[in-house]
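Presented below is the structure to which this report refers.
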Amino acid sequence: MEEINNFIKTIMEKDLEEGRVKQIVTRFPPEPNAYLHIGHARAIVNDFELAKAFGGYTNLRFDDTNPVNEGAEYVDAIIDDLKWLGYTPKNIYFGSDYFEKTYQKAILLIKKGLAYVDDLSPEEMTEYRGTLTEPGRESPCRNRSVEENLRLFEEMRAGKYANGEKTLRAKIDMSSPNINMRDPVMYRILHVTHHRQGDKWCIYPMYDFAHPLQDAFEGVTHSLCSLEYDNHRVLYDWFIEKCEMEHVPHQYEWGRLNITNTVMSKRYLRQLVEGGYVTGYDDPRMPTLVGLKRKGFTAEAIKNFIIYTGLSRINSTTDADNLDYFLREEQKLKATRPMAVLNPLKVVIDNYPEGQIEYVEASNNMENEELGNRQIAFGKYLYIEQEDFIEEKPNRKWKRLSIGDEVRLMHAYFIKCESVVKDDNGNIIEIHCTYDPETKSGSGFEGRKPNGTIHYVEATTALKATFNHFEPLVFDETEETQGKSFLERLNPNSWTKLEGYVEASLKDTKPLDRFQFIRNGYYCTDKDSTKEHLIFNRTCPLKSSFNPKNN
RNA sequence: UGGGGUGUAGCCAAGCGGUAAGGCAACAGACUUUGACUCUGUCAUCUCACUGGUUCGAUUCCAGUCACCCCAGCCA
């Protein structure tokens with residue numbers, strides 16, 4: 001794996017050289033209310049790899065300051081995802097474990113006259129906040145005495161008030177052009193059971209107040225987050241300073257990562273799952289880490305993708321090709337390559353003895369001998385891919401089978417097509433070929449060159465298989481679909497069933513119920529993603545220049 | 001129309017005063033037991049959003065303009 005290198009690394013290097021920090025400490029702070037996706041992977045990989053590059057460490061901290069949508073199932077899922085990616089946090093913390101310490105800091109701010117209890121309703125607060133172009137107005141509660149604020153805040157904690165009745169606000173500047181500085185709410189009242197704290201608390205700190213303190217409590221040196229928090233950095237620093245934190249963490253932002261033809265927001269992913277558009281968060285078409293895993297991605301491929309893609313302060317949308325490339329690269333030498341026929345066309349070898357089956361030696365991966373060989377069947381009756389045969393060769397570049405032509409069956413013999421059998425409607429139902437025993441694979445025969453090479457399975461020993469063929473979820477962005485919701489733009493035909501055959505060597509594999517077409521291979525995982533996934537050798541997709549329809 | 005951020009090829013992304021790295025994609029050719037893989041070559045030069053300025057010299061510094069993103073949750 002390439003060593004990580006980006007602008008944040010440069011910042012860390014300087015901080016170390018110039019003595020501002022002694023050790024790099026980062027944190028990955030997910031809110032436990034959703035499954036992790038490839039966008040989170042950018043944060044994870046950078047948080048961990050950057051700290052590791054300098055001999056520092058990384059904590060996992062669940063940012064569980066809003067109990068409303070959070071839950072233990074997400075905590076477990078996130079821990080699993082991190083483990084799958086191969087990262088072990090030095091510590092696993094929960095923001096909610098700091099509630100008491102955070103509360104004490106709020107008291108400190110009240111005592112310093114920098115925080116006050118406000119009675120404004122949510123609607124009033126919005127009104128008082130002003131707009132992007134107009135300054136806000138000060139709340140009538142802004143000048144309460146320290147004693148009164150202390151009393152009211154204690155009462156808030158004690159549960160004397162209902163949700164929304166009161167808040168604790170920082171006293172900063174209602175006319176600041178940065179709206180985040182217009183007396184941001186520090187605590188709100190939520191009579192909700194917390195997944196870890198139970199009913200111990202009914203006031204919960206807001207992100208802007210809790211996050212910097214959590215970073216400081218843990219000794220985080222570089223607090224990395226995405227660009228939308230750029231506007232919050234002054235507030236982050238304000239809380240660190242005014243709360244008199246011993247340790248001073250700093251926040252740095254980078255751009256979010258998007259992938260073409262996919263959606264990444266929690267809300268959309270939830271809609272896809274709850275609306276039944278996909279089979280779950282681990283549907284292989286989902287950009288979630290569990291989805292990518294089922295699709296056949298390895299942690300290594302994802303890490304490499306993140307590292308090579310780089311990092312900048314631009315919110316970028318990278319081609320899905322960029323992601324796929326790293327999987328292909330990863331699998332070239334690792335995946336075994338058994339054969340499967342997805343759209344079978346029956347082949348009869350006329351000059352091969354009826355009832356005879358022979359086994360030929362096949363390499364599991366031509367580029368990696370360590371993966372060994374297997375025996376595959378050859379006989380009188382075979383299946384090949386329908387798209388690998390055409391009656392009349394459309395042009396010289398056609399490298400597959402056609403009448404009168406000779407191709408190599410991978411790992412086996414040259415066959416030559418002599419004739420076709422059609423049904424009443426003119427559809428080809430089987431083709432008749434002859435084989436040349438001299439051309440057996442591995443025999444060293446070089447008498448003539450075949451037109452090309454195609455894959456096959458022996459018909460009487462092959463296993464029937466149903467393939468759920470899926471393609472990425474595609475969200476149309478044509479003029480027609482402009483203005484429509486993302487669900488209306490969703491291409492619904494991204495999952496189809498194919499009835500085909502696989503070679504007998506796959507008999508111990510659990511059902512191959514999904515696969516992804518990437519370039520010339522189908523990457524498969526078995527039902528539980530436990531088995532190394534496979535690339536079924538097959539012909540390349542018909543490029544337009546090779547498509548007979550275009551000739 | 002307030003504030004903040006960003007603009008380098010189809011997509012990512014280095015460079016940050018000395019004459020535009022790299023990867024993906026694409027294209028051309030060689031090779032090939034799949035047209036994949038591998039290898040070779042091409043792919044920003046009146047050019048680094050645009051316009052001016054400073055300079056011997058600017059993608060890099062300055063000024064202005066334009067475009068896009070973020071902020072008006074008691075979400076994170």
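FYI, nothing fancy with the structure tokens labels: chains A, B, ... in order, residues from 1 per chain, ligands from 1 as they appear.
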Inset, instruction - Quick one: everything within 7 Å of range 22-30 of chain A, counting only C-alpha atoms (C1' of nucleotides), minus sequence neighbours fewer than 4 positions away in the same chain. Send it as a PyMOL selection string. - result: chain A and resi 16+44+47+51+54+56-63+219-223
Prev. selection, N, CA and C atoms, output as a compact mmCIF listing (two decimals), in the first residue's frame:
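The result, stored in result.txt:
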```txt
# COMPACT_ATOMS: atom_id res chain seq x y z
N LEU A 16 4.81 18.83 14.36
CA LEU A 16 5.77 17.99 15.07
C LEU A 16 7.16 18.62 15.08
N ILE A 44 -12.10 7.62 7.95
CA ILE A 44 -11.47 6.56 8.73
C ILE A 44 -10.02 6.35 8.29
N ASP A 47 -7.87 9.38 9.16
CA ASP A 47 -7.65 9.50 10.60
C ASP A 47 -6.62 8.48 11.08
N ALA A 51 -2.28 9.27 11.60
CA ALA A 51 -1.72 9.09 12.95
C ALA A 51 -0.64 8.03 12.92
N PHE A 54 2.90 8.84 11.77
CA PHE A 54 3.78 9.57 12.69
C PHE A 54 3.94 8.85 14.02
N GLY A 56 1.58 7.97 15.93
CA GLY A 56 0.54 8.40 16.87
C GLY A 56 -0.56 7.37 16.95
N TYR A 57 -1.70 7.78 17.42
CA TYR A 57 -2.80 6.84 17.51
C TYR A 57 -4.15 7.51 17.28
N THR A 58 -5.16 6.65 17.15
CA THR A 58 -6.50 7.12 16.82
C THR A 58 -7.52 6.49 17.75
N ASN A 59 -8.45 7.30 18.21
CA ASN A 59 -9.55 6.78 19.02
C ASN A 59 -10.81 6.70 18.18
N LEU A 60 -11.65 5.78 18.57
CA LEU A 60 -13.00 5.77 18.03
C LEU A 60 -13.86 6.42 19.10
N ARG A 61 -14.59 7.45 18.71
CA ARG A 61 -15.47 8.06 19.70
C ARG A 61 -16.87 8.21 19.12
N PHE A 62 -17.81 7.60 19.78
CA PHE A 62 -19.18 7.73 19.32
C PHE A 62 -19.73 9.06 19.79
N ASP A 63 -20.17 9.82 18.83
CA ASP A 63 -20.66 11.16 19.12
C ASP A 63 -22.16 11.04 19.43
N GLY A 219 -7.22 14.50 24.51
CA GLY A 219 -5.88 14.84 24.04
C GLY A 219 -5.72 14.73 22.54
N VAL A 220 -6.84 14.85 21.83
CA VAL A 220 -6.76 14.84 20.37
C VAL A 220 -5.98 16.07 19.91
N THR A 221 -5.03 15.86 18.99
CA THR A 221 -4.25 17.01 18.52
C THR A 221 -4.83 17.57 17.23
N HIS A 222 -5.21 16.66 16.33
CA HIS A 222 -5.74 17.09 15.03
C HIS A 222 -7.13 16.50 14.86
N SER A 223 -8.10 17.39 14.92
CA SER A 223 -9.48 16.98 14.83
C SER A 223 -9.95 17.20 13.39
```
Inset, instruction - With a cut-off of 8 Å and counting only C-alpha atoms (C1' of nucleotides), select all residues of chain A in contact with chain B and give the selection as JSON, numbers by chain. - result: {"A": [31, 66, 122, 126, 129, 130, 131, 132, 133, 134, 164, 167, 177, 178, 179, 180, 185, 187, 188, 189, 207, 227, 228, 230, 231, 308, 309, 310, 311, 313, 314, 315, 316, 317, 318, 319, 321, 322, 325, 332, 399, 408, 409, 410, 411, 441, 452, 453, 454, 455, 519, 520, 537, 538, 539, 540]}
Inset, instruction - Write out as a ChimeraX atom specification the residues lying within 12 Å of A63 in chain B, counting only C-alpha atoms (C1' of nucleotides) and excluding same-chain residues fewer than 6 positions away. - result: /B:51-54
Inset, instruction - Could you find all residues in range 190-222 of chain A that DSSP calls strand (DSSP E or B) from the backbone, and write them as an NGL selection string? - result: :A and (194 or 198 or 203-205 or 222)
Legend entry - For Arg285 in chain A: contacts at 12 Å, only C-alpha atoms (C1' of nucleotides), fewer than 4 positions along chain excluded, given as a PyMOL selection string: chain A and resi 37+261-264+269+272-273+277-281+289-297+468-474+494-495+514-517
Inset, instruction - Could you check how far CA of Ala412 in chain A sits from CA of Glu330 in chain A, in Å to one decimal? - result: 27.7 Å
Legend entry - Residue list (helix (DSSP H, G or I), DSSP) for range 329-541 of chain A, as a list in words: Glu329, Glu330, Gln331, Glu369, Glu370, Leu371, Gln386, Glu387, Asp388, Pro437, Glu438, Thr439, Ala504, Ser505 and Leu506 of chain A
Using the selection just defined, write its residues with N, CA and C atoms as a tab-separated table (two decimals), in the first residue's frame.
```tsv
chain	number	residue	atom	x	y	z
A	329	GLU	N	-7.38	-4.37	-9.40
A	329	GLU	CA	-5.95	-4.44	-9.12
A	329	GLU	C	-5.68	-5.45	-8.00
A	330	GLU	N	-6.53	-5.37	-6.99
A	330	GLU	CA	-6.41	-6.23	-5.82
A	330	GLU	C	-6.67	-7.70	-6.19
A	331	GLN	N	-7.63	-7.91	-7.10
A	331	GLN	CA	-8.06	-9.27	-7.40
A	331	GLN	C	-7.26	-9.96	-8.48
A	369	GLU	N	0.66	-18.64	-10.11
A	369	GLU	CA	0.74	-20.10	-10.05
A	369	GLU	C	0.44	-20.65	-8.67
A	370	GLU	N	0.67	-19.83	-7.67
A	370	GLU	CA	0.46	-20.31	-6.30
A	370	GLU	C	-0.98	-20.75	-6.05
A	371	LEU	N	-1.87	-20.25	-6.84
A	371	LEU	CA	-3.28	-20.63	-6.64
A	371	LEU	C	-3.58	-22.00	-7.22
A	386	GLN	N	-24.08	-17.27	-25.13
A	386	GLN	CA	-24.78	-16.90	-26.37
A	386	GLN	C	-24.09	-15.76	-27.11
A	387	GLU	N	-23.58	-14.82	-26.36
A	387	GLU	CA	-22.98	-13.68	-27.04
A	387	GLU	C	-21.60	-14.00	-27.62
A	388	ASP	N	-21.13	-15.22	-27.36
A	388	ASP	CA	-19.84	-15.60	-27.94
A	388	ASP	C	-20.01	-16.27	-29.30
A	437	PRO	N	-8.32	-32.92	-31.63
A	437	PRO	CA	-7.61	-33.48	-30.47
A	437	PRO	C	-6.16	-32.99	-30.36
A	438	GLU	N	-5.59	-32.64	-31.48
A	438	GLU	CA	-4.19	-32.19	-31.46
A	438	GLU	C	-3.99	-30.89	-30.71
A	439	THR	N	-5.06	-30.14	-30.57
A	439	THR	CA	-4.93	-28.77	-30.06
A	439	THR	C	-5.13	-28.67	-28.56
A	504	ALA	N	-18.33	-27.68	-12.30
A	504	ALA	CA	-18.58	-28.53	-11.14
A	504	ALA	C	-17.66	-28.23	-9.96
A	505	SER	N	-16.53	-27.59	-10.22
A	505	SER	CA	-15.60	-27.31	-9.12
A	505	SER	C	-16.21	-26.38	-8.08
A	506	LEU	N	-17.30	-25.75	-8.41
A	506	LEU	CA	-17.92	-24.81	-7.47
A	506	LEU	C	-18.96	-25.47	-6.58
```
Inset, instruction - Please provide as a PyMOL selection string all residues within 12 Å of range 38-40 of chain B, with the sequence filter that same-chain residues fewer than 5 positions apart are discarded (counting only C-alpha atoms (C1' of nucleotides)). - result: (chain A and resi 332+367) or (chain B and resi 28-32)
Next, dump the selected residues to file, keeping only N, CA and C atoms (P, O5', C5', C4', C3', O3' and C1' of nucleotides), as an mmCIF file, in the first residue's frame.
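Saved file out_38.cif follows:
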```
data_model
loop_
_atom_site.group_PDB
_atom_site.id
_atom_site.type_symbol
_atom_site.label_atom_id
_atom_site.label_comp_id
_atom_site.auth_asym_id
_atom_site.auth_seq_id
_atom_site.Cartn_x
_atom_site.Cartn_y
_atom_site.Cartn_z
ATOM 1 N N LYS A 332 -6.538 -9.207 -9.254
ATOM 2 C CA LYS A 332 -5.803 -9.797 -10.374
ATOM 3 C C LYS A 332 -5.017 -11.023 -9.956
ATOM 4 N N GLU A 367 -2.069 -15.814 -13.780
ATOM 5 C CA GLU A 367 -1.027 -14.874 -13.401
ATOM 6 C C GLU A 367 -0.435 -15.178 -12.036
ATOM 7 P P A B 28 -8.629 3.308 -30.997
ATOM 8 O "O5'" A B 28 -7.066 3.398 -31.308
ATOM 9 C "C5'" A B 28 -6.598 4.202 -32.391
ATOM 10 C "C4'" A B 28 -5.090 4.141 -32.437
ATOM 11 C "C3'" A B 28 -4.505 2.735 -32.474
ATOM 12 O "O3'" A B 28 -4.521 2.181 -33.777
ATOM 13 C "C1'" A B 28 -3.340 4.030 -30.891
ATOM 14 P P G B 29 -4.663 0.567 -33.909
ATOM 15 O "O5'" G B 29 -3.241 0.015 -33.447
ATOM 16 C "C5'" G B 29 -2.108 0.207 -34.282
ATOM 17 C "C4'" G B 29 -0.868 -0.156 -33.525
ATOM 18 C "C3'" G B 29 -0.732 -1.597 -33.066
ATOM 19 O "O3'" G B 29 -0.334 -2.473 -34.105
ATOM 20 C "C1'" G B 29 -0.034 -0.158 -31.342
ATOM 21 P P A B 30 -0.534 -4.086 -33.944
ATOM 22 O "O5'" A B 30 0.534 -4.472 -32.821
ATOM 23 C "C5'" A B 30 1.916 -4.570 -33.140
ATOM 24 C "C4'" A B 30 2.674 -5.018 -31.924
ATOM 25 C "C3'" A B 30 2.269 -6.378 -31.372
ATOM 26 O "O3'" A B 30 2.889 -7.445 -32.074
ATOM 27 C "C1'" A B 30 2.425 -4.835 -29.596
ATOM 28 P P C B 31 2.111 -8.855 -32.188
ATOM 29 O "O5'" C B 31 2.052 -9.381 -30.684
ATOM 30 C "C5'" C B 31 3.250 -9.744 -30.012
ATOM 31 C "C4'" C B 31 2.946 -10.026 -28.558
ATOM 32 C "C3'" C B 31 1.885 -11.099 -28.319
ATOM 33 O "O3'" C B 31 2.423 -12.412 -28.422
ATOM 34 C "C1'" C B 31 1.434 -9.239 -26.949
ATOM 35 P P U B 32 1.477 -13.578 -28.986
ATOM 36 O "O5'" U B 32 0.414 -13.800 -27.833
ATOM 37 C "C5'" U B 32 0.826 -14.284 -26.557
ATOM 38 C "C4'" U B 32 -0.329 -14.156 -25.602
ATOM 39 C "C3'" U B 32 -1.576 -14.936 -26.007
ATOM 40 O "O3'" U B 32 -1.470 -16.279 -25.574
ATOM 41 C "C1'" U B 32 -2.182 -12.742 -25.347
#
```
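Residues in contact range of U55 in chain B, defined as at most 12 Å between only C-alpha atoms (C1' of nucleotides), with sequence neighbours fewer than 6 positions away removed, read B:G17, B:G18, B:C61, B:C62.
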Selection to disk with C-alpha atoms (C1' of nucleotides), as a compact mmCIF listing (two decimals), in the first residue's frame:
```
# COMPACT_ATOMS: atom_id res chain seq x y z
C1' G B 17 7.89 32.82 -7.84
C1' G B 18 11.75 29.73 -12.43
C1' C B 61 2.25 37.31 -4.98
C1' C B 62 -1.55 41.63 -5.26
```
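Note that CA of Lys200 in chain A and CA of Ala106 in chain A are 17.5 Å apart.
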Inset, instruction - Write out as a PyMOL selection string which residues come within 12 Å of U60 in chain B when counting only C-alpha atoms (C1' of nucleotides), dropping same-chain ones fewer than 4 positions away. - result: chain B and resi 8+15-20+48
Those residues you just picked out, can you put them in a file as a tab-separated table (two decimals), in the first residue's frame with N, CA and C atoms (P, O5', C5', C4', C3', O3' and C1' of nucleotides)?
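That gives us part-v4.tsv:
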```tsv
chain	number	residue	atom	x	y	z
B	8	U	P	-10.29	23.01	-10.78
B	8	U	O5'	-8.81	23.21	-11.33
B	8	U	C5'	-8.58	24.09	-12.42
B	8	U	C4'	-7.28	23.75	-13.05
B	8	U	C3'	-7.13	22.31	-13.52
B	8	U	O3'	-7.72	22.13	-14.80
B	8	U	C1'	-5.22	22.90	-12.29
B	15	G	P	1.69	19.92	-3.01
B	15	G	O5'	2.57	20.81	-3.98
B	15	G	C5'	3.83	20.32	-4.42
B	15	G	C4'	4.17	20.96	-5.74
B	15	G	C3'	4.25	22.48	-5.71
B	15	G	O3'	5.58	22.85	-5.39
B	15	G	C1'	3.00	21.75	-7.60
B	16	C	P	5.89	24.11	-4.46
B	16	C	O5'	5.07	25.27	-5.18
B	16	C	C5'	5.65	26.55	-5.44
B	16	C	C4'	4.73	27.62	-4.91
B	16	C	C3'	4.87	27.91	-3.42
B	16	C	O3'	5.39	29.25	-3.23
B	16	C	C1'	2.59	27.37	-3.99
B	17	G	P	6.98	29.56	-3.28
B	17	G	O5'	7.33	30.27	-4.66
B	17	G	C5'	6.39	30.33	-5.69
B	17	G	C4'	7.04	30.92	-6.89
B	17	G	C3'	8.50	30.60	-7.18
B	17	G	O3'	8.50	29.52	-8.11
B	17	G	C1'	7.89	32.82	-7.84
B	18	G	P	9.75	28.48	-8.05
B	18	G	O5'	10.17	28.39	-9.58
B	18	G	C5'	9.19	28.19	-10.59
B	18	G	C4'	9.86	28.47	-11.94
B	18	G	C3'	10.94	27.44	-12.27
B	18	G	O3'	10.52	26.77	-13.45
B	18	G	C1'	11.75	29.73	-12.43
B	19	U	P	11.09	25.36	-13.87
B	19	U	O5'	10.17	24.98	-15.13
B	19	U	C5'	8.74	24.95	-15.00
B	19	U	C4'	8.14	25.88	-16.02
B	19	U	C3'	8.37	25.47	-17.47
B	19	U	O3'	7.12	25.38	-18.11
B	19	U	C1'	8.88	27.78	-17.12
B	20	A	P	6.45	24.10	-18.65
B	20	A	O5'	5.96	23.40	-17.32
B	20	A	C5'	5.37	22.12	-17.43
B	20	A	C4'	4.53	21.92	-16.22
B	20	A	C3'	3.87	20.55	-16.21
B	20	A	O3'	4.76	19.67	-15.56
B	20	A	C1'	2.34	22.26	-15.58
B	48	C	P	-4.14	29.67	-17.77
B	48	C	O5'	-4.77	29.06	-16.48
B	48	C	C5'	-5.72	27.99	-16.53
B	48	C	C4'	-5.46	27.11	-15.33
B	48	C	C3'	-5.38	27.87	-14.02
B	48	C	O3'	-6.47	27.43	-13.23
B	48	C	C1'	-3.56	26.34	-14.31
```
